[in-house]
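Asks: Got a file for you: protein-v3.cif, mmCIF, C-alpha atoms.
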```
data_work
loop_
_atom_site.label_atom_id
_atom_site.label_comp_id
_atom_site.auth_asym_id
_atom_site.auth_seq_id
_atom_site.Cartn_x
_atom_site.Cartn_y
_atom_site.Cartn_z
CA ALA A 4 93.97 113.18 112.66
CA GLN A 5 97.45 112.32 111.51
CA SER A 6 97.99 108.82 110.20
CA VAL A 7 100.71 106.74 108.59
CA SER A 8 99.91 104.07 106.05
CA GLN A 9 102.18 101.22 105.09
CA HIS A 10 100.64 99.56 102.08
CA ASN A 11 102.07 96.09 102.39
CA HIS A 12 101.69 94.09 105.57
CA HIS A 13 103.76 91.19 104.28
CA VAL A 14 106.42 91.08 101.57
CA ILE A 15 108.31 87.98 100.48
CA LEU A 16 111.38 88.32 98.27
CA SER A 17 114.29 86.23 97.15
CA GLU A 18 117.84 87.18 97.99
CA ALA A 19 119.32 89.81 95.65
CA ALA A 20 115.88 91.14 94.71
CA SER A 21 115.25 94.86 94.95
CA LEU A 22 113.04 96.18 97.72
CA GLU A 23 110.66 99.08 97.97
CA LEU A 24 108.33 99.49 100.96
CA GLY A 25 105.69 102.17 100.74
CA CYS A 26 104.88 104.73 103.43
CA ASN A 27 102.35 107.54 103.14
CA TYR A 28 101.31 110.01 105.80
CA SER A 29 98.49 112.42 106.21
CA TYR A 30 99.64 115.76 107.57
CA GLY A 31 99.96 118.99 105.70
CA GLY A 32 102.63 120.67 107.77
CA THR A 33 106.35 120.16 108.22
CA VAL A 34 107.30 116.68 109.36
CA ASN A 35 110.19 114.56 110.54
CA LEU A 36 110.25 111.09 109.00
CA PHE A 37 111.75 107.83 110.23
CA TRP A 38 112.15 104.20 109.29
CA TYR A 39 112.79 101.68 112.03
CA VAL A 40 113.59 97.99 111.76
CA GLN A 41 112.74 95.23 114.23
CA TYR A 42 114.62 91.97 113.76
CA PRO A 43 112.91 88.84 115.12
CA GLY A 44 112.80 88.95 118.90
CA GLN A 45 114.62 92.26 119.13
CA HIS A 46 113.83 95.91 119.79
CA LEU A 47 113.25 98.64 117.24
CA GLN A 48 116.35 100.21 115.74
CA LEU A 49 116.57 103.37 113.69
CA LEU A 50 117.34 102.70 110.01
CA LEU A 51 117.26 106.25 108.75
CA LYS A 52 115.65 109.63 109.29
CA TYR A 53 114.73 112.75 107.38
CA PHE A 54 114.46 116.20 108.91
CA SER A 55 115.34 118.54 106.05
CA GLY A 56 117.67 118.98 103.08
CA ASP A 57 118.33 116.33 100.43
CA PRO A 58 115.12 114.29 100.12
CA LEU A 59 117.13 111.16 99.36
CA VAL A 60 118.35 109.82 102.67
CA LYS A 61 120.85 107.03 103.15
CA GLY A 62 120.73 104.85 106.23
CA ILE A 63 122.46 101.85 107.66
CA LYS A 64 122.87 98.46 105.97
CA GLY A 65 122.45 99.85 102.45
CA PHE A 66 118.93 101.19 102.93
CA GLU A 67 117.76 104.51 101.55
CA ALA A 68 114.49 106.41 101.49
CA GLU A 69 113.12 109.21 99.38
CA PHE A 70 110.88 111.94 100.71
CA ILE A 71 108.41 113.14 98.08
CA LYS A 72 106.55 116.02 99.67
CA SER A 73 103.94 116.33 96.93
CA LYS A 74 102.96 112.70 97.43
CA PHE A 75 103.26 112.70 101.24
CA SER A 76 105.46 109.65 100.83
CA PHE A 77 108.67 108.33 102.33
CA ASN A 78 109.36 104.99 100.65
CA LEU A 79 112.16 102.72 101.79
CA ARG A 80 114.41 101.07 99.22
CA LYS A 81 117.30 98.65 98.98
CA PRO A 82 118.75 97.56 95.64
CA SER A 83 119.66 94.02 96.68
CA VAL A 84 118.28 92.37 99.81
CA GLN A 85 119.94 89.71 101.91
CA TRP A 86 118.51 86.94 104.03
CA SER A 87 119.56 88.94 107.10
CA ASP A 88 117.13 91.72 106.12
CA THR A 89 114.26 89.52 107.27
CA ALA A 90 112.53 91.74 109.82
CA GLU A 91 109.57 94.02 110.39
CA TYR A 92 109.90 97.57 109.11
CA PHE A 93 108.05 100.53 110.60
CA CYS A 94 107.55 103.98 109.15
CA ALA A 95 106.96 106.80 111.66
CA VAL A 96 106.19 110.48 111.30
CA ASN A 97 105.97 113.39 113.65
CA ALA A 98 104.83 116.90 113.05
CA ARG A 99 107.50 119.39 114.03
CA SER A 100 104.85 121.22 116.03
CA ASN A 101 104.45 118.42 118.55
CA TYR A 102 106.15 115.43 120.06
CA GLN A 103 103.90 112.58 119.07
CA LEU A 104 105.40 109.98 116.77
CA ILE A 105 102.71 108.40 114.59
CA TRP A 106 103.57 104.83 113.65
CA GLY A 107 102.62 102.79 110.63
CA ALA A 108 101.33 99.26 111.19
CA GLY A 109 104.59 97.75 109.99
CA THR A 110 105.61 95.57 107.04
CA LYS A 111 106.91 92.07 107.67
CA LEU A 112 109.66 91.30 105.19
CA ILE A 113 110.73 87.72 104.59
CA ILE A 114 113.77 87.02 102.44
CA LYS A 115 114.03 83.54 101.01
CA PRO A 116 117.61 82.28 100.89
CA ASP B 6 126.88 104.42 125.61
CA ALA B 7 124.89 101.58 127.16
CA GLY B 8 121.68 102.49 125.40
CA VAL B 9 118.27 102.30 127.00
CA ILE B 10 118.21 99.66 129.73
CA GLN B 11 115.08 97.78 130.72
CA SER B 12 114.47 95.20 133.38
CA PRO B 13 113.37 92.54 133.70
CA ARG B 14 113.67 91.16 130.17
CA HIS B 15 111.02 88.54 130.83
CA GLU B 16 108.30 88.47 133.45
CA VAL B 17 105.79 85.73 134.02
CA THR B 18 103.17 86.39 136.66
CA GLU B 19 99.73 85.26 137.71
CA MET B 20 96.60 87.27 137.21
CA GLY B 21 96.03 89.71 140.03
CA GLN B 22 99.68 90.20 140.88
CA GLU B 23 101.47 93.53 140.74
CA VAL B 24 104.06 93.95 137.99
CA THR B 25 106.74 96.64 137.89
CA LEU B 26 108.77 97.31 134.78
CA ARG B 27 111.88 99.47 134.94
CA CYS B 28 113.68 101.70 132.49
CA LYS B 29 116.90 103.67 132.47
CA PRO B 30 117.02 106.11 129.56
CA ILE B 31 120.15 107.22 127.73
CA SER B 32 122.02 109.82 129.75
CA GLY B 33 121.24 113.34 128.55
CA HIS B 34 117.93 112.43 126.97
CA ASN B 35 115.05 114.50 128.31
CA SER B 36 112.16 112.57 126.77
CA LEU B 37 110.99 109.11 127.76
CA PHE B 38 108.27 107.00 126.19
CA TRP B 39 106.59 103.75 127.26
CA TYR B 40 105.13 101.61 124.48
CA ARG B 41 103.25 98.33 124.37
CA GLN B 42 103.50 95.97 121.40
CA THR B 43 101.06 93.15 120.64
CA MET B 44 100.23 91.21 117.52
CA MET B 45 96.67 92.49 117.57
CA ARG B 46 97.25 96.19 118.13
CA GLY B 47 100.84 96.72 117.04
CA LEU B 48 102.88 99.43 118.75
CA GLU B 49 100.93 101.68 121.13
CA LEU B 50 102.23 104.70 123.01
CA LEU B 51 101.24 104.44 126.66
CA ILE B 52 102.80 107.52 128.19
CA TYR B 53 105.31 110.26 127.42
CA PHE B 54 107.50 112.11 129.93
CA ASN B 55 109.44 115.27 129.24
CA ASN B 56 111.99 116.42 131.83
CA ASN B 57 110.54 113.82 134.23
CA VAL B 58 107.02 115.24 133.95
CA PRO B 59 104.20 113.16 132.42
CA ILE B 60 102.97 115.10 129.41
CA ASP B 61 100.60 112.66 127.77
CA ASP B 62 99.15 109.57 129.45
CA SER B 63 96.15 109.23 127.17
CA GLY B 64 97.42 105.87 125.97
CA MET B 65 97.41 104.28 129.41
CA PRO B 66 94.72 101.61 129.10
CA GLU B 67 93.06 102.03 132.48
CA ASP B 68 93.62 102.85 136.11
CA ARG B 69 95.45 99.59 136.65
CA PHE B 70 98.40 101.13 134.82
CA SER B 71 100.59 103.80 136.36
CA ALA B 72 103.98 105.25 135.48
CA LYS B 73 106.48 107.38 137.33
CA MET B 74 109.73 109.11 136.56
CA PRO B 75 111.25 110.18 139.88
CA ASN B 76 114.45 111.42 138.23
CA ALA B 77 116.09 111.79 134.84
CA SER B 78 117.66 108.35 134.92
CA PHE B 79 114.82 106.09 136.02
CA SER B 80 111.22 105.33 135.19
CA THR B 81 108.78 102.61 136.19
CA LEU B 82 105.59 101.27 134.67
CA LYS B 83 103.37 99.46 137.13
CA ILE B 84 100.37 97.24 136.49
CA GLN B 85 98.22 96.45 139.49
CA PRO B 86 96.38 94.11 139.34
CA SER B 87 97.66 92.41 136.21
CA GLU B 88 95.34 90.60 133.79
CA PRO B 89 96.03 88.08 131.00
CA ARG B 90 95.18 90.73 128.37
CA ASP B 91 98.16 92.76 129.59
CA SER B 92 100.47 90.14 128.11
CA ALA B 93 102.67 91.99 125.61
CA VAL B 94 106.16 93.33 125.04
CA TYR B 95 106.67 96.65 126.79
CA PHE B 96 109.29 98.96 125.34
CA CYS B 97 110.85 102.03 126.83
CA ALA B 98 112.37 104.61 124.49
CA SER B 99 114.21 107.87 125.05
CA SER B 100 115.18 110.82 122.91
CA PHE B 101 117.23 113.99 123.15
CA ASP B 102 114.23 115.96 121.93
CA PRO B 103 110.69 114.63 121.49
CA LYS B 104 110.71 115.61 117.82
CA TYR B 105 113.88 113.67 117.08
CA GLU B 106 114.58 109.95 116.82
CA GLN B 107 113.73 107.67 119.70
CA TYR B 108 116.09 104.99 120.96
CA PHE B 109 114.44 101.83 122.16
CA GLY B 110 115.35 99.48 124.95
CA PRO B 111 115.34 95.69 124.53
CA GLY B 112 111.82 95.42 125.92
CA THR B 113 110.17 93.40 128.68
CA ARG B 114 108.13 90.44 127.57
CA LEU B 115 105.26 90.16 130.06
CA THR B 116 103.14 87.05 130.31
CA VAL B 117 100.19 87.08 132.69
CA THR B 118 98.64 83.66 133.28
#
```
Output the file's structure in the form of structure tokens.
Replies:
Amino acid sequence: AQSVSQHNHHVILSEAASLELGCNYSYGGTVNLFWYVQYPGQHLQLLLKYFSGDPLVKGIKGFEAEFIKSKFSFNLRKPSVQWSDTAEYFCAVNARSNYQLIWGAGTKLIIKP
Amino acid sequence: DAGVIQSPRHEVTEMGQEVTLRCKPISGHNSLFWYRQTMMRGLELLIYFNNNVPIDDSGMPEDRFSAKMPNASFSTLKIQPSEPRDSAVYFCASSFDPKYEQYFGPGTRLTVT
């Protein structure tokens, strides 16, 4: 069965620190990859997506992610975080052959001012 | 674009009562998803509609839950009778194509006492 693993459930950083959140998936075929963010008390919003092409994808608010096919990974990065980045981040994957979006468990990010 | 619209935003009800949650997807989107989010189980897909037809309801917890999509611009999720363990945030999401990104509504926070 397909699965998505987010290695860190909680991450605490200081402002201006660099961020990398890990995401690995288990599926051997062609996939679409997503990162969503959920700010406290709000709904999920799309941060960025990868369908094909350049494996380095840039999203909103200075976030980027790199798709490494050989490692089945799609890690999220930001060079310098801000207090307003405090949120929960979800990685999601779907196989192009079907509709179902498989979600990671989420990573809660807390930025200390 | 107004985005995905859900109502009500908050619902507090007593055990045994019927609860109806409503969703209006983004115009032109042919796929609609109902999710439930809890601290214990994270984000769970309840049901997926494509072109108003239920395609996958394997995530619906039990017969107390039912969902309909009478037309392309409206869907309901009904719980009858409600139980305290149904307390959660229920999200509706829509997409242009089930393999592409999903856009989430603001959610309905349901509390069953």
Asks: Select, as number ranges by chain, those residues of chain A with any atom no more than 7 Å from chain B (distances computed using all atoms listed in the file).
Replies: A: 45-48, 97, 99, 101-102, 108
Asks: Between B:Lys83, B:Val117, B:Lys29, B:Thr43, which residue has the minimum interatomic distance to Ser71 (chain B), considering only C-alpha atoms?
Replies: B:Lys83
Asks: Just give me the gap between CA of Gly21 (chain B) and CA of Phe54 (chain B) in Å, one decimal is fine.
Replies: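 Answer for the CA of Gly21 (chain B) to CA of Phe54 (chain B) separation: 27.1 Å.
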Asks: Run the PyMOL selection byres ((chain B and resi 24) around 12) mentally over the shown coordinates, then write out the matched residues as a compact mmCIF listing (two decimals) with C-alpha atoms, in the coordinates of the input, using the chain letters and numbers from the document.
Replies:
```
# COMPACT_ATOMS: atom_id res chain seq x y z
CA SER B 12 114.47 95.20 133.38
CA PRO B 13 113.37 92.54 133.70
CA HIS B 15 111.02 88.54 130.83
CA GLU B 16 108.30 88.47 133.45
CA VAL B 17 105.79 85.73 134.02
CA THR B 18 103.17 86.39 136.66
CA GLU B 19 99.73 85.26 137.71
CA MET B 20 96.60 87.27 137.21
CA GLY B 21 96.03 89.71 140.03
CA GLN B 22 99.68 90.20 140.88
CA GLU B 23 101.47 93.53 140.74
CA THR B 25 106.74 96.64 137.89
CA LEU B 26 108.77 97.31 134.78
CA ARG B 27 111.88 99.47 134.94
CA ARG B 69 95.45 99.59 136.65
CA PHE B 70 98.40 101.13 134.82
CA SER B 71 100.59 103.80 136.36
CA ALA B 72 103.98 105.25 135.48
CA THR B 81 108.78 102.61 136.19
CA LEU B 82 105.59 101.27 134.67
CA LYS B 83 103.37 99.46 137.13
CA ILE B 84 100.37 97.24 136.49
CA GLN B 85 98.22 96.45 139.49
CA PRO B 86 96.38 94.11 139.34
CA SER B 87 97.66 92.41 136.21
CA GLU B 88 95.34 90.60 133.79
CA ASP B 91 98.16 92.76 129.59
CA SER B 92 100.47 90.14 128.11
CA TYR B 95 106.67 96.65 126.79
CA THR B 113 110.17 93.40 128.68
CA ARG B 114 108.13 90.44 127.57
CA LEU B 115 105.26 90.16 130.06
CA THR B 116 103.14 87.05 130.31
CA VAL B 117 100.19 87.08 132.69
```
Asks: Please list, as a list in words, the residues that have an atom at most 10 Å away from (111.4, 83.4, 102.3) in the coordinates of this file, counting only C-alpha atoms.
Replies: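 Here the neighbourhood of the point contains Val14, Ile15, Leu16, Ser17, Glu18, Trp86, Thr89, Leu112, Ile113, Ile114, Lys115 and Pro116 of chain A.
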Asks: Can you tell me how far CA of Thr33 (chain A) sits from CA of Glu69 (chain A), in Å to one decimal?
Replies: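 CA of Glu69 (chain A) lies 15.6 Å from CA of Thr33 (chain A).
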Asks: Go through B:Val58, B:Ile10, B:Ala93, B:Ser99 and flag the residue nearest Gln42 (chain B), using only C-alpha atoms for the distances.
Replies: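 That would be B:Ala93, the residue with the smallest distance to Gln42 (chain B).
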Asks: So how many Å separate CA of Ser80 (chain B) and CA of Ala98 (chain A), to one decimal?
Replies: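 Computed distance, CA of Ser80 (chain B) to CA of Ala98 (chain A), equals 25.8 Å.
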Asks: I need the residue nearest Tyr53 (chain A) from this list: A:Ser29, A:Ser73, A:Gln41, A:Asn78. Use all atoms listed in the file for the distance.
Replies: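 Comparing A:Ser29, A:Ser73, A:Gln41, A:Asn78 against Tyr53 (chain A), the winner is A:Asn78.
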Asks: Using all atoms listed in the file, which residues sit within 8 Å of His10 (chain A) once same-chain residues fewer than 6 positions away are excluded, as a list in words?
Replies: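 Neighbouring residues, sequence-local ones excluded: Leu24, Gly25 and Cys26 of chain A.
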Asks: What's the 6 Å shell around His13 (chain A), counting all atoms listed in the file, without same-chain residues fewer than 2 positions away, as a list in words?
Replies: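 Surrounding residues, per the criterion: Asn11, Thr110, Lys111 and Leu112 of chain A.
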Asks: Those same residues, written as a short mmCIF file (atom, residue, chain, number, x, y, z; two decimals), in the frame of the given file with C-alpha atoms?
Replies:
```cif
data_model
loop_
_atom_site.label_atom_id
_atom_site.label_comp_id
_atom_site.auth_asym_id
_atom_site.auth_seq_id
_atom_site.Cartn_x
_atom_site.Cartn_y
_atom_site.Cartn_z
CA ASN A 11 102.07 96.09 102.39
CA THR A 110 105.61 95.57 107.04
CA LYS A 111 106.91 92.07 107.67
CA LEU A 112 109.66 91.30 105.19
#
```
Asks: Please identify all polymer residues within 8 Å of Ile31 (chain B), counting all atoms listed in the file, omitting same-chain residues fewer than 6 positions from it, and present them as a PDB file with C-alpha atoms, in the frame of the given file.
Replies:
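Output file out29.pdb follows:
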```pdb
ATOM      1  CA  ASP B   6     126.880 104.420 125.610  1.00  0.00           C
ATOM      2  CA  ALA B   7     124.890 101.580 127.160  1.00  0.00           C
ATOM      3  CA  GLY B   8     121.680 102.490 125.400  1.00  0.00           C
ATOM      4  CA  VAL B   9     118.270 102.300 127.000  1.00  0.00           C
ATOM      5  CA  SER B  78     117.660 108.350 134.920  1.00  0.00           C
ATOM      6  CA  SER B  99     114.210 107.870 125.050  1.00  0.00           C
ATOM      7  CA  SER B 100     115.180 110.820 122.910  1.00  0.00           C
TER       8      SER B 100
END
```
